[in-house]
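Peer 1: For reference, this is model11.txt, and it has compact mmCIF, C-alpha atoms and all ligand atoms.
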```
# COMPACT_ATOMS: atom_id res chain seq x y z
CA MET A 10 55.91 119.01 178.14
CA LYS A 11 56.72 115.62 179.67
CA PRO A 12 59.98 113.79 178.90
CA ARG A 13 60.07 112.49 175.34
CA VAL A 14 62.03 109.60 173.90
CA VAL A 15 64.59 110.66 171.29
CA SER A 16 66.32 107.26 171.06
CA GLU A 17 67.00 104.23 173.21
CA ARG A 18 69.43 106.14 175.45
CA VAL A 19 68.43 109.75 174.92
CA THR A 20 65.41 111.47 176.44
CA TRP A 21 64.32 115.07 175.87
CA VAL A 22 63.74 116.70 179.27
CA GLY A 23 63.62 120.39 178.33
CA ALA A 24 60.94 123.07 178.22
CA VAL A 25 58.77 124.56 175.49
CA ASP A 26 58.22 128.29 175.94
CA TRP A 27 55.07 128.82 173.89
CA ASP A 28 54.40 132.38 174.98
CA ARG A 29 57.80 134.07 174.96
CA ARG A 30 57.74 136.91 172.47
CA LEU A 31 61.13 138.56 172.90
CA PHE A 32 64.64 137.25 173.35
CA ASP A 33 67.53 139.29 174.76
CA SER A 34 64.93 142.08 175.16
CA LEU A 35 65.43 142.57 171.43
CA ILE A 36 64.69 139.64 169.12
CA PRO A 37 61.04 138.95 168.26
CA LEU A 38 59.90 135.36 168.80
CA PRO A 39 56.74 135.07 166.68
CA ASP A 40 56.63 131.30 167.26
CA GLY A 41 57.92 131.12 170.85
CA THR A 42 60.94 128.90 171.47
CA SER A 43 62.15 125.84 173.30
CA TYR A 44 65.10 125.13 175.57
CA ASN A 45 66.05 121.57 174.81
CA SER A 46 67.81 119.57 177.45
CA TYR A 47 68.66 115.91 176.98
CA LEU A 48 69.29 113.06 179.39
CA VAL A 49 71.77 110.49 178.06
CA ARG A 50 71.96 107.20 179.91
CA GLY A 51 75.08 105.10 179.43
CA SER A 52 75.42 101.73 181.15
CA GLU A 53 77.55 103.38 183.87
CA LYS A 54 77.13 107.15 183.74
CA THR A 55 74.24 109.51 183.17
CA VAL A 56 74.66 112.89 181.52
CA LEU A 57 72.42 115.93 181.29
CA VAL A 58 73.07 117.87 178.08
CA ASP A 59 72.37 121.57 178.64
CA ALA A 60 69.94 122.98 181.13
CA VAL A 61 67.18 125.47 180.38
CA ASP A 62 66.34 129.14 180.73
CA PRO A 63 65.90 130.07 184.41
CA ALA A 64 62.26 131.00 183.76
CA THR A 65 61.52 127.35 182.90
CA ARG A 66 63.68 125.66 185.52
CA ASP A 67 60.61 124.07 187.15
CA ALA A 68 59.81 122.24 183.91
CA LEU A 69 63.33 120.77 183.75
CA MET A 70 63.35 119.77 187.39
CA ALA A 71 59.91 118.15 187.03
CA ASN A 72 61.20 116.20 184.03
CA LEU A 73 64.10 114.93 186.14
CA THR A 74 61.73 113.46 188.73
CA GLY A 75 62.81 109.89 189.34
CA VAL A 76 66.30 110.44 187.91
CA LYS A 77 68.40 109.30 190.85
CA LYS A 78 71.88 110.20 189.66
CA ILE A 79 73.44 112.59 187.19
CA ASP A 80 77.20 112.23 186.82
CA TYR A 81 77.88 115.05 184.37
CA VAL A 82 76.13 118.15 183.13
CA ILE A 83 77.46 119.11 179.72
CA SER A 84 77.32 122.88 179.31
CA HIS A 85 77.72 123.71 175.64
CA HIS A 86 77.20 127.42 176.02
CA THR A 87 77.14 129.80 178.96
CA GLU A 88 74.26 131.98 177.76
CA GLN A 89 71.62 131.67 180.42
CA ASP A 90 68.92 130.12 178.23
CA HIS A 91 71.05 126.93 178.31
CA SER A 92 72.92 127.25 181.55
CA GLY A 93 70.47 129.12 183.78
CA ALA A 94 69.17 126.02 185.54
CA ILE A 95 72.57 124.36 186.03
CA PRO A 96 72.81 125.61 189.64
CA ASP A 97 69.44 123.93 190.37
CA VAL A 98 70.67 120.67 188.83
CA LEU A 99 73.93 120.82 190.79
CA ALA A 100 72.00 121.44 193.99
CA LYS A 101 69.84 118.37 193.41
CA TYR A 102 72.73 116.16 192.27
CA PRO A 103 75.70 117.01 194.53
CA GLU A 104 77.95 114.45 192.83
CA ALA A 105 77.45 115.95 189.35
CA LYS A 106 80.33 117.70 187.56
CA VAL A 107 79.91 120.28 184.83
CA LEU A 108 81.84 119.57 181.62
CA ALA A 109 82.59 122.60 179.47
CA THR A 110 85.33 124.17 177.35
CA PRO A 111 88.21 125.81 179.24
CA ARG A 112 86.88 129.23 178.28
CA ALA A 113 83.37 128.33 179.44
CA ALA A 114 84.70 127.22 182.81
CA GLY A 115 85.55 130.80 183.70
CA MET A 116 82.39 132.18 182.18
CA LEU A 117 80.15 129.76 184.11
CA ALA A 118 81.79 130.94 187.31
CA ASP A 119 81.36 134.58 186.27
CA HIS A 120 77.76 134.43 185.07
CA LEU A 121 76.23 131.77 187.30
CA ALA A 122 78.52 131.63 190.29
CA ILE A 123 79.10 127.93 189.72
CA PRO A 124 81.95 126.86 192.02
CA PRO A 125 85.08 126.19 189.90
CA ALA A 126 85.60 122.93 191.82
CA ARG A 127 82.46 121.55 190.19
CA ILE A 128 83.59 122.36 186.64
CA THR A 129 85.90 120.15 184.58
CA ALA A 130 87.29 121.64 181.39
CA VAL A 131 87.28 119.32 178.37
CA ALA A 132 89.56 119.59 175.34
CA ASP A 133 88.58 119.60 171.70
CA GLY A 134 88.26 115.96 170.65
CA GLU A 135 88.34 114.64 174.22
CA THR A 136 86.07 111.71 174.99
CA VAL A 137 84.35 110.57 178.18
CA SER A 138 83.04 107.04 178.58
CA LEU A 139 79.53 106.53 179.90
CA GLY A 140 80.03 102.75 179.88
CA ASP A 141 78.52 101.44 176.68
CA ARG A 142 78.26 104.93 175.25
CA THR A 143 80.90 107.60 174.58
CA VAL A 144 80.60 111.35 174.37
CA LYS A 145 83.12 113.25 172.29
CA PHE A 146 83.50 117.01 172.65
CA VAL A 147 83.89 119.17 169.58
CA HIS A 148 84.88 122.76 170.23
CA THR A 149 82.89 125.10 168.00
CA PRO A 150 83.77 128.65 169.04
CA TRP A 151 81.48 131.53 168.08
CA VAL A 152 78.31 129.54 167.51
CA HIS A 153 77.17 131.54 169.37
CA TRP A 154 79.72 132.78 171.96
CA PRO A 155 83.49 132.20 172.04
CA GLU A 156 83.19 129.33 174.52
CA THR A 157 80.68 127.16 172.66
CA MET A 158 81.10 123.48 171.87
CA CYS A 159 79.06 120.54 170.56
CA THR A 160 78.93 116.96 171.80
CA PHE A 161 78.84 113.83 169.67
CA LEU A 162 77.26 110.70 171.10
CA VAL A 163 79.59 108.42 169.19
CA GLU A 164 77.75 105.07 169.09
CA ASP A 165 74.43 106.73 168.17
CA ARG A 166 76.01 109.25 165.75
CA LEU A 167 73.94 111.94 167.42
CA ALA A 168 75.34 115.49 167.51
CA PHE A 169 74.12 117.82 170.27
CA THR A 170 74.74 121.30 168.91
CA CYS A 171 73.09 123.79 171.31
CA ASP A 172 72.40 127.09 169.46
CA PHE A 173 74.05 125.79 166.27
CA PHE A 174 71.39 124.58 163.77
CA GLY A 175 68.65 125.62 166.19
CA SER A 176 65.45 127.57 165.70
CA HIS A 177 63.18 129.61 167.91
CA LEU A 178 60.15 127.44 167.35
CA ALA A 179 57.72 126.16 169.95
CA THR A 180 56.15 123.02 168.55
CA THR A 181 54.88 119.63 169.64
CA ASP A 182 57.08 118.09 166.92
CA LEU A 183 60.08 116.56 168.68
CA PHE A 184 61.64 116.00 165.26
CA THR A 185 61.44 118.27 162.23
CA ARG A 186 58.29 117.27 160.40
CA ASP A 187 57.37 120.50 158.67
CA GLU A 188 60.62 121.31 156.88
CA PRO A 189 59.50 124.60 155.26
CA ARG A 190 58.33 125.96 158.62
CA THR A 191 61.47 124.82 160.42
CA ARG A 192 63.66 126.19 157.61
CA GLU A 193 62.07 129.62 157.95
CA ALA A 194 62.54 129.61 161.73
CA ALA A 195 66.11 128.32 161.42
CA LYS A 196 66.94 130.98 158.83
CA ARG A 197 65.56 133.68 161.12
CA TYR A 198 67.66 132.20 163.91
CA TYR A 199 70.79 132.03 161.74
CA ALA A 200 70.30 135.63 160.61
CA GLU A 201 69.81 137.01 164.10
CA ILE A 202 72.28 134.92 166.07
CA MET A 203 74.87 133.31 163.81
CA MET A 204 75.36 135.62 160.82
CA PRO A 205 77.71 138.08 162.56
CA PHE A 206 80.09 135.11 162.98
CA SER A 207 79.55 133.58 159.53
CA ARG A 208 83.22 132.76 158.97
CA HIS A 209 83.33 130.74 162.19
CA VAL A 210 79.93 129.24 161.37
CA GLY A 211 81.30 127.97 158.06
CA GLU A 212 84.34 126.39 159.72
CA ASN A 213 82.28 124.79 162.47
CA MET A 214 79.67 123.59 159.99
CA GLU A 215 82.42 121.57 158.29
CA LYS A 216 83.54 120.24 161.65
CA VAL A 217 80.06 118.97 162.51
CA ALA A 218 79.40 117.65 158.99
CA ALA A 219 82.67 115.68 159.17
CA LEU A 220 81.18 113.71 162.06
CA ALA A 221 78.55 112.39 159.60
CA PRO A 222 75.82 112.65 162.24
CA ALA A 223 72.64 110.63 161.80
CA VAL A 224 70.80 113.11 164.01
CA ILE A 225 71.44 116.76 164.90
CA ALA A 226 69.83 117.74 168.19
CA PRO A 227 70.03 121.48 168.87
CA SER A 228 68.93 123.13 172.09
CA HIS A 229 66.26 125.29 170.43
CA GLY A 230 63.53 123.97 168.16
CA PRO A 231 62.95 120.54 166.67
CA ILE A 232 65.59 117.81 166.29
CA HIS A 233 66.85 117.13 162.77
CA ASP A 234 66.69 113.42 161.95
CA ARG A 235 67.49 114.29 158.34
CA PRO A 236 70.69 116.29 158.96
CA ALA A 237 71.18 117.09 155.27
CA PHE A 238 68.10 119.33 155.53
CA ILE A 239 69.73 121.74 157.97
CA LEU A 240 73.33 121.30 156.78
CA ASP A 241 72.33 122.16 153.20
CA ALA A 242 70.34 125.16 154.40
CA TYR A 243 73.34 126.44 156.38
CA LYS A 244 75.62 125.92 153.37
CA GLU A 245 73.34 128.17 151.33
CA TRP A 246 73.06 130.86 154.01
CA VAL A 247 76.78 130.92 154.76
CA LEU A 248 78.44 130.18 151.44
CA ALA A 249 76.14 131.08 148.54
CA PRO A 250 76.68 134.47 146.89
CA PRO A 251 74.12 137.19 147.64
CA ARG A 252 71.03 137.39 145.45
CA ASN A 253 70.28 140.05 142.87
CA MET A 254 68.23 141.77 145.57
CA VAL A 255 68.09 145.07 147.43
CA LEU A 256 67.02 145.35 151.04
CA LEU A 257 65.26 148.70 151.16
CA ALA A 258 64.47 149.84 154.69
CA TYR A 259 62.94 153.26 155.17
CA VAL A 260 60.96 155.50 157.47
CA SER A 261 58.92 158.48 156.40
CA MET A 262 57.44 161.25 158.55
CA HIS A 263 55.44 163.35 156.10
CA GLY A 264 55.52 161.24 152.93
CA SER A 265 58.55 162.64 151.05
CA THR A 266 60.86 159.75 151.88
CA ARG A 267 58.05 157.32 151.03
CA ILE A 268 57.69 158.87 147.57
CA MET A 269 61.42 158.30 147.12
CA ALA A 270 61.12 154.69 148.35
CA ASP A 271 58.32 154.12 145.82
CA ARG A 272 60.41 155.54 142.99
CA LEU A 273 63.50 153.52 143.85
CA THR A 274 61.47 150.32 144.30
CA ALA A 275 59.86 150.74 140.88
CA ALA A 276 63.16 151.70 139.23
CA LEU A 277 64.95 148.66 140.62
CA ALA A 278 62.12 146.32 139.66
CA ALA A 279 62.14 147.76 136.13
CA ARG A 280 65.84 146.90 135.91
CA GLY A 281 65.29 143.30 137.00
CA VAL A 282 66.49 143.77 140.59
CA SER A 283 64.32 142.27 143.35
CA VAL A 284 63.45 144.46 146.31
CA GLU A 285 62.62 143.38 149.85
CA ARG A 286 61.12 146.53 151.28
CA PHE A 287 60.49 147.36 154.92
CA ASP A 288 58.72 150.33 156.44
CA LEU A 289 60.70 150.54 159.68
CA VAL A 290 57.65 151.59 161.70
CA GLY A 291 56.67 148.44 163.61
CA VAL A 292 58.94 146.26 161.46
CA ASP A 293 59.68 142.65 162.42
CA LEU A 294 63.41 142.78 163.01
CA GLY A 295 63.66 139.06 162.19
CA LYS A 296 62.35 139.65 158.65
CA VAL A 297 64.92 142.37 158.07
CA ALA A 298 67.62 140.03 159.38
CA MET A 299 66.50 137.25 157.04
CA ALA A 300 66.61 139.60 154.06
CA LEU A 301 70.16 140.53 155.08
CA VAL A 302 71.20 136.90 154.53
CA ASP A 303 70.48 137.31 150.82
CA ALA A 304 70.71 141.02 149.96
CA ALA A 305 73.54 142.18 147.71
CA THR A 306 72.73 145.84 148.39
CA VAL A 307 71.19 147.61 151.37
CA VAL A 308 69.58 151.01 150.98
CA VAL A 309 68.24 152.98 153.95
CA GLY A 310 65.73 155.79 153.50
CA THR A 311 65.36 158.43 156.16
CA PRO A 312 64.15 161.94 156.79
CA THR A 313 66.38 164.16 158.89
CA VAL A 314 65.35 164.69 162.49
CA LEU A 315 67.16 167.34 164.49
CA GLY A 316 70.03 167.27 162.04
CA GLY A 317 70.51 163.50 161.94
CA PRO A 318 68.81 160.36 160.68
CA HIS A 319 65.43 159.33 162.05
CA PRO A 320 66.02 157.10 165.12
CA LEU A 321 64.42 154.15 163.32
CA ALA A 322 66.89 154.55 160.46
CA LEU A 323 69.70 154.73 163.01
CA TYR A 324 68.41 151.49 164.47
CA ALA A 325 68.24 149.84 161.05
CA ALA A 326 71.77 150.92 160.16
CA ALA A 327 73.09 149.71 163.52
CA LEU A 328 71.38 146.39 162.89
CA VAL A 329 72.86 146.08 159.40
CA GLY A 330 76.30 146.97 160.75
CA ALA A 331 76.03 144.45 163.57
CA LEU A 332 74.55 141.50 161.68
CA LYS A 333 76.67 142.23 158.58
CA GLY A 334 75.20 139.81 156.06
CA LYS A 335 76.57 139.55 152.54
CA ALA A 336 75.81 143.03 151.19
CA LYS A 337 78.57 144.47 149.00
CA TRP A 338 76.93 147.83 148.30
CA LEU A 339 75.18 150.34 150.54
CA SER A 340 73.35 153.60 149.99
CA VAL A 341 71.05 156.15 151.57
CA PHE A 342 68.24 158.33 150.33
CA GLY A 343 65.85 160.68 152.06
CA SER A 344 64.36 164.04 152.56
CA LEU A 345 65.84 166.82 154.63
CA SER A 346 64.27 170.04 155.77
CA TRP A 347 67.25 172.33 156.16
CA GLY A 348 70.43 170.24 156.43
CA GLY A 349 72.13 167.73 158.65
CA LYS A 350 74.54 164.84 158.76
CA ALA A 351 72.20 161.90 158.17
CA VAL A 352 74.40 160.22 155.57
CA GLU A 353 77.64 160.57 157.53
CA THR A 354 76.00 159.24 160.69
CA LEU A 355 74.50 156.21 158.93
CA ALA A 356 77.75 155.51 157.07
CA GLY A 357 79.59 155.42 160.39
CA LEU A 358 77.29 152.67 161.66
CA VAL A 359 78.04 150.36 158.74
CA ALA A 360 81.72 151.19 158.37
CA GLY A 361 82.74 147.72 159.58
CA MET A 362 81.08 146.06 156.58
CA LYS A 363 83.71 147.32 154.13
CA ALA A 364 80.99 147.64 151.49
CA GLU A 365 81.10 150.14 148.65
CA ILE A 366 78.92 153.20 149.10
CA ILE A 367 76.75 154.13 146.14
CA PRO A 368 76.21 157.92 146.04
CA PRO A 369 73.23 158.90 148.21
CA VAL A 370 70.22 160.91 147.05
CA LEU A 371 68.91 163.63 149.35
CA ALA A 372 65.92 165.78 148.46
CA LYS A 373 65.08 169.07 150.10
CA GLY A 374 61.52 168.59 151.27
CA LEU A 375 59.27 167.07 148.64
CA PRO A 376 61.37 165.22 146.02
CA LYS A 377 61.55 167.06 142.68
CA GLU A 378 62.04 165.60 139.23
CA ALA A 379 65.81 165.89 139.57
CA ASP A 380 65.71 163.92 142.84
CA LEU A 381 63.59 161.21 141.25
CA ALA A 382 65.94 161.06 138.29
CA ALA A 383 68.82 160.67 140.74
CA LEU A 384 67.03 157.69 142.26
CA ASP A 385 66.72 156.19 138.77
CA ALA A 386 70.48 156.69 138.43
CA MET A 387 70.98 154.95 141.78
CA ALA A 388 68.93 152.03 140.45
CA ASP A 389 71.08 152.03 137.28
CA ALA A 390 74.24 151.87 139.40
CA ILE A 391 72.92 149.06 141.59
CA ALA A 392 71.68 147.01 138.62
CA ALA A 393 75.05 147.42 136.89
CA LYS A 394 76.97 146.34 140.01
CA HIS A 395 74.79 143.28 140.43
CA LYS A 396 75.11 142.39 136.76
CA ASP A 397 78.88 142.77 136.75
CA ALA A 398 79.07 140.51 139.81
CA GLY A 399 76.98 137.88 138.00
CA LEU A 400 74.29 137.87 140.69
CA ARG A 401 71.07 136.02 140.02
FE1 LIG A 501 70.35 129.96 172.93
FE2 LIG A 501 73.23 131.86 172.64
O1 LIG A 501 71.79 131.04 173.50
```
Represent the structure from my file as structure tokens, please.

Peer 2:
Amino acid sequence: MKPRVVSERVTWVGAVDWDRRLFDSLIPLPDGTSYNSYLVRGSEKTVLVDAVDPATRDALMANLTGVKKIDYVISHHTEQDHSGAIPDVLAKYPEAKVLATPRAAGMLADHLAIPPARITAVADGETVSLGDRTVKFVHTPWVHWPETMCTFLVEDRLAFTCDFFGSHLATTDLFTRDEPRTREAAKRYYAEIMMPFSRHVGENMEKVAALAPAVIAPSHGPIHDRPAFILDAYKEWVLAPPRNMVLLAYVSMHGSTRIMADRLTAALAARGVSVERFDLVGVDLGKVAMALVDAATVVVGTPTVLGGPHPLALYAAALVGALKGKAKWLSVFGSLSWGGKAVETLAGLVAGMKAEIIPPVLAKGLPKEADLAALDAMADAIAAKHKDAGLR
């Protein structure tokens, strides 16, 4: 994509990665992504805000054709999808200095071998004059790494937020024009990237909102020229109580665990509890993550394999334990052949959530009537917990 005008002094010069399908060798990107980079021209100084993923460095450098001088490169976040092309920019503009948080200064040297002499650490609230424009730095740790910050272009009331409020969405829309589509992509992004740090996200959300930005320009996905759209969405994801909903993730080898999943799904539905159900074979990890934003209870179904949970159930439990979400109750069901420690192993993976464990249900082989009745009792327990908590 060619450079695009964001406002009188701000030009988008990043890259759209239409075909990328996996991030961090883990996160599915059904809609590709973008690495937004912005050129801000003050009357005296020119700033590049974030660089791009190294795989798209040629796009950034092509978009800088004709730009004679860059005084500062603002590095909001050291992760390579925003900093990877900084060495190329510094090579082309030998006078340019990198501005970053004190913590990022060390990390940029570690990860990208940027010479410390070319990095200037900036304090929270510090400003730098570009002539007739001013940039103000707002430290926002843990959105997404500990060193992250945002930048406020004061006179334009434009907040550059890097990962924060972003979405993995390749689109020709420079600004958010399809709010439902962007909301879905931003929720997926929040769930996968931000949710493990939700307390920090909440604090930093207030910090950015207090700037009263007219525009929020993240470094992934479209720019928000109606900031209330994304701020309100974040408030819901971070602060709203969980829904009266169970995330049921299961894997079945010979059908027994699936029979149990069917019974529990029906029993919960009959008790007025919504179920978001995922067969873990070939599951879209992003959809599971999004359900974790809202689920009050997570239940994992697994057969035993070599004395432990099925590897896909292990993966799901590790994901739940890492992303955390809002779940207050957890449980396990499944079918075993001759024994094993499936429940203990899964419980260990989610121990950090401090959620209450609802008694598991394990059937020996094909579930019998007593096993199915125990699943009904599990549904009773979950429905009662949700009701007592006033969940809707
Ligand atoms: Fe888009 Fe945490 O990098």

Peer 1: Could you list, as a list in words, all protein and nucleic acid residues with an atom at most 9 Å from ligand LIG 501 (chain A), counting all atoms listed in the file?

Peer 2: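 Protein and nucleic-acid residues within 9 Å of ligand LIG 501 (chain A): Tyr44, Asp62, His86, Thr87, Glu88, Gln89, Asp90, His91, Ser92, Val152, His153, Trp154, Thr157, Cys171, Asp172, Phe173, Gly175, His177, Ile202, Ser228 and His229 of chain A.
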
Peer 1: Excluding Met214 of chain A and its own-chain neighbours fewer than 3 positions away, which residues fall within 12 Å of it when counting all atoms listed in the file? Please give them as a PDB file with C-alpha atoms, in the coordinates of the input.

Peer 2:
```pdb
ATOM      1  CA  VAL A 147      83.890 119.170 169.580  1.00  0.00           C
ATOM      2  CA  HIS A 148      84.880 122.760 170.230  1.00  0.00           C
ATOM      3  CA  THR A 149      82.890 125.100 168.000  1.00  0.00           C
ATOM      4  CA  PRO A 150      83.770 128.650 169.040  1.00  0.00           C
ATOM      5  CA  TRP A 151      81.480 131.530 168.080  1.00  0.00           C
ATOM      6  CA  VAL A 152      78.310 129.540 167.510  1.00  0.00           C
ATOM      7  CA  MET A 158      81.100 123.480 171.870  1.00  0.00           C
ATOM      8  CA  CYS A 159      79.060 120.540 170.560  1.00  0.00           C
ATOM      9  CA  ALA A 168      75.340 115.490 167.510  1.00  0.00           C
ATOM     10  CA  THR A 170      74.740 121.300 168.910  1.00  0.00           C
ATOM     11  CA  PHE A 173      74.050 125.790 166.270  1.00  0.00           C
ATOM     12  CA  PHE A 174      71.390 124.580 163.770  1.00  0.00           C
ATOM     13  CA  MET A 203      74.870 133.310 163.810  1.00  0.00           C
ATOM     14  CA  PHE A 206      80.090 135.110 162.980  1.00  0.00           C
ATOM     15  CA  SER A 207      79.550 133.580 159.530  1.00  0.00           C
ATOM     16  CA  ARG A 208      83.220 132.760 158.970  1.00  0.00           C
ATOM     17  CA  HIS A 209      83.330 130.740 162.190  1.00  0.00           C
ATOM     18  CA  VAL A 210      79.930 129.240 161.370  1.00  0.00           C
ATOM     19  CA  GLY A 211      81.300 127.970 158.060  1.00  0.00           C
ATOM     20  CA  VAL A 217      80.060 118.970 162.510  1.00  0.00           C
ATOM     21  CA  ALA A 218      79.400 117.650 158.990  1.00  0.00           C
ATOM     22  CA  ALA A 219      82.670 115.680 159.170  1.00  0.00           C
ATOM     23  CA  LEU A 220      81.180 113.710 162.060  1.00  0.00           C
ATOM     24  CA  ALA A 221      78.550 112.390 159.600  1.00  0.00           C
ATOM     25  CA  PRO A 222      75.820 112.650 162.240  1.00  0.00           C
ATOM     26  CA  ILE A 225      71.440 116.760 164.900  1.00  0.00           C
ATOM     27  CA  PRO A 236      70.690 116.290 158.960  1.00  0.00           C
ATOM     28  CA  ALA A 237      71.180 117.090 155.270  1.00  0.00           C
ATOM     29  CA  ILE A 239      69.730 121.740 157.970  1.00  0.00           C
ATOM     30  CA  LEU A 240      73.330 121.300 156.780  1.00  0.00           C
ATOM     31  CA  ASP A 241      72.330 122.160 153.200  1.00  0.00           C
ATOM     32  CA  ALA A 242      70.340 125.160 154.400  1.00  0.00           C
ATOM     33  CA  TYR A 243      73.340 126.440 156.380  1.00  0.00           C
ATOM     34  CA  LYS A 244      75.620 125.920 153.370  1.00  0.00           C
ATOM     35  CA  GLU A 245      73.340 128.170 151.330  1.00  0.00           C
ATOM     36  CA  TRP A 246      73.060 130.860 154.010  1.00  0.00           C
ATOM     37  CA  VAL A 247      76.780 130.920 154.760  1.00  0.00           C
ATOM     38  CA  LEU A 248      78.440 130.180 151.440  1.00  0.00           C
TER      39      LEU A 248
END
```

Peer 1: Between atom CA of Glu164 of chain A and atom CA of Val76 of chain A, measure the distance and give it in Å to one decimal.

Peer 2: 22.7 Å

Peer 1: Which polymer residues, whether protein, DNA or RNA, lie within 12 Å of the coordinate (68.0, 109.7, 175.4) when you count all atoms listed in the file? List them as a ChimeraX atom specification, using the chain letters and numbers from the file.

Peer 2: /A:12-23,46-51,55-58,142,162,165,167,169,226

Peer 1: Given the selection you just returned, output its residues as a file containing C-alpha atoms, formatted as a PDB file, in the coordinates of the input.

Peer 2:
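The new file result_32.pdb reads:
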```
ATOM      1  CA  PRO A  12      59.980 113.790 178.900  1.00  0.00           C
ATOM      2  CA  ARG A  13      60.070 112.490 175.340  1.00  0.00           C
ATOM      3  CA  VAL A  14      62.030 109.600 173.900  1.00  0.00           C
ATOM      4  CA  VAL A  15      64.590 110.660 171.290  1.00  0.00           C
ATOM      5  CA  SER A  16      66.320 107.260 171.060  1.00  0.00           C
ATOM      6  CA  GLU A  17      67.000 104.230 173.210  1.00  0.00           C
ATOM      7  CA  ARG A  18      69.430 106.140 175.450  1.00  0.00           C
ATOM      8  CA  VAL A  19      68.430 109.750 174.920  1.00  0.00           C
ATOM      9  CA  THR A  20      65.410 111.470 176.440  1.00  0.00           C
ATOM     10  CA  TRP A  21      64.320 115.070 175.870  1.00  0.00           C
ATOM     11  CA  VAL A  22      63.740 116.700 179.270  1.00  0.00           C
ATOM     12  CA  GLY A  23      63.620 120.390 178.330  1.00  0.00           C
ATOM     13  CA  SER A  46      67.810 119.570 177.450  1.00  0.00           C
ATOM     14  CA  TYR A  47      68.660 115.910 176.980  1.00  0.00           C
ATOM     15  CA  LEU A  48      69.290 113.060 179.390  1.00  0.00           C
ATOM     16  CA  VAL A  49      71.770 110.490 178.060  1.00  0.00           C
ATOM     17  CA  ARG A  50      71.960 107.200 179.910  1.00  0.00           C
ATOM     18  CA  GLY A  51      75.080 105.100 179.430  1.00  0.00           C
ATOM     19  CA  THR A  55      74.240 109.510 183.170  1.00  0.00           C
ATOM     20  CA  VAL A  56      74.660 112.890 181.520  1.00  0.00           C
ATOM     21  CA  LEU A  57      72.420 115.930 181.290  1.00  0.00           C
ATOM     22  CA  VAL A  58      73.070 117.870 178.080  1.00  0.00           C
ATOM     23  CA  ARG A 142      78.260 104.930 175.250  1.00  0.00           C
ATOM     24  CA  LEU A 162      77.260 110.700 171.100  1.00  0.00           C
ATOM     25  CA  ASP A 165      74.430 106.730 168.170  1.00  0.00           C
ATOM     26  CA  LEU A 167      73.940 111.940 167.420  1.00  0.00           C
ATOM     27  CA  PHE A 169      74.120 117.820 170.270  1.00  0.00           C
ATOM     28  CA  ALA A 226      69.830 117.740 168.190  1.00  0.00           C
TER      29      ALA A 226
END
```

Peer 1: Find the residues near segment 127-135 of chain A: any atom within 10 Å, counting all atoms listed in the file, skip ones fewer than 6 places away on the same chain, and give them as an mmCIF file with C-alpha atoms, keeping the file's coordinate frame.

Peer 2:
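Everything below was put into result04.cif:
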```cif
data_model
loop_
_atom_site.group_PDB
_atom_site.id
_atom_site.type_symbol
_atom_site.label_atom_id
_atom_site.label_comp_id
_atom_site.auth_asym_id
_atom_site.auth_seq_id
_atom_site.Cartn_x
_atom_site.Cartn_y
_atom_site.Cartn_z
ATOM 1 C CA TYR A 81 77.880 115.050 184.370
ATOM 2 C CA VAL A 82 76.130 118.150 183.130
ATOM 3 C CA ILE A 83 77.460 119.110 179.720
ATOM 4 C CA SER A 84 77.320 122.880 179.310
ATOM 5 C CA LEU A 99 73.930 120.820 190.790
ATOM 6 C CA PRO A 103 75.700 117.010 194.530
ATOM 7 C CA GLU A 104 77.950 114.450 192.830
ATOM 8 C CA ALA A 105 77.450 115.950 189.350
ATOM 9 C CA LYS A 106 80.330 117.700 187.560
ATOM 10 C CA VAL A 107 79.910 120.280 184.830
ATOM 11 C CA LEU A 108 81.840 119.570 181.620
ATOM 12 C CA ALA A 109 82.590 122.600 179.470
ATOM 13 C CA THR A 110 85.330 124.170 177.350
ATOM 14 C CA PRO A 111 88.210 125.810 179.240
ATOM 15 C CA ARG A 112 86.880 129.230 178.280
ATOM 16 C CA ALA A 113 83.370 128.330 179.440
ATOM 17 C CA ALA A 114 84.700 127.220 182.810
ATOM 18 C CA GLY A 115 85.550 130.800 183.700
ATOM 19 C CA LEU A 117 80.150 129.760 184.110
ATOM 20 C CA ALA A 118 81.790 130.940 187.310
ATOM 21 C CA VAL A 144 80.600 111.350 174.370
ATOM 22 C CA LYS A 145 83.120 113.250 172.290
ATOM 23 C CA PHE A 146 83.500 117.010 172.650
ATOM 24 C CA VAL A 147 83.890 119.170 169.580
ATOM 25 C CA HIS A 148 84.880 122.760 170.230
ATOM 26 C CA THR A 149 82.890 125.100 168.000
ATOM 27 C CA MET A 158 81.100 123.480 171.870
ATOM 28 C CA CYS A 159 79.060 120.540 170.560
ATOM 29 C CA THR A 160 78.930 116.960 171.800
ATOM 30 C CA PHE A 161 78.840 113.830 169.670
#
```

Peer 1: Around segment 158-171 of chain A, with edges along x, y and z and 3 Å added on all six sides, what centre and edge lengths do you get, in Å to one decimal, as AutoDock Vina command-line options?

Peer 2:
```
--center_x 77.1 --center_y 114.4 --center_z 168.8 --size_x 14.0 --size_y 24.7 --size_z 12.1
```

Peer 1: Could you jot down the atom CA of Arg272 of chain A to atom CA of Leu321 of chain A separation for me, Å, one decimal place?

Peer 2: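 Atom-to-atom, atom CA of Arg272 of chain A to atom CA of Leu321 of chain A, that is 20.8 Å.
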
Peer 1: Mind pulling up the distance from atom CA of Arg235 of chain A to atom CA of Glu201 of chain A?

Peer 2: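 So the two atoms, atom CA of Glu201 of chain A and atom CA of Arg235 of chain A, lie 23.6 Å apart.
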
Peer 1: Quick one: residues within 6 Å of Val282 of chain A, all atoms listed in the file counted, chain neighbours fewer than 4 positions away excluded, as a PyMOL selection string?

Peer 2: chain A and resi 253-254+277-278
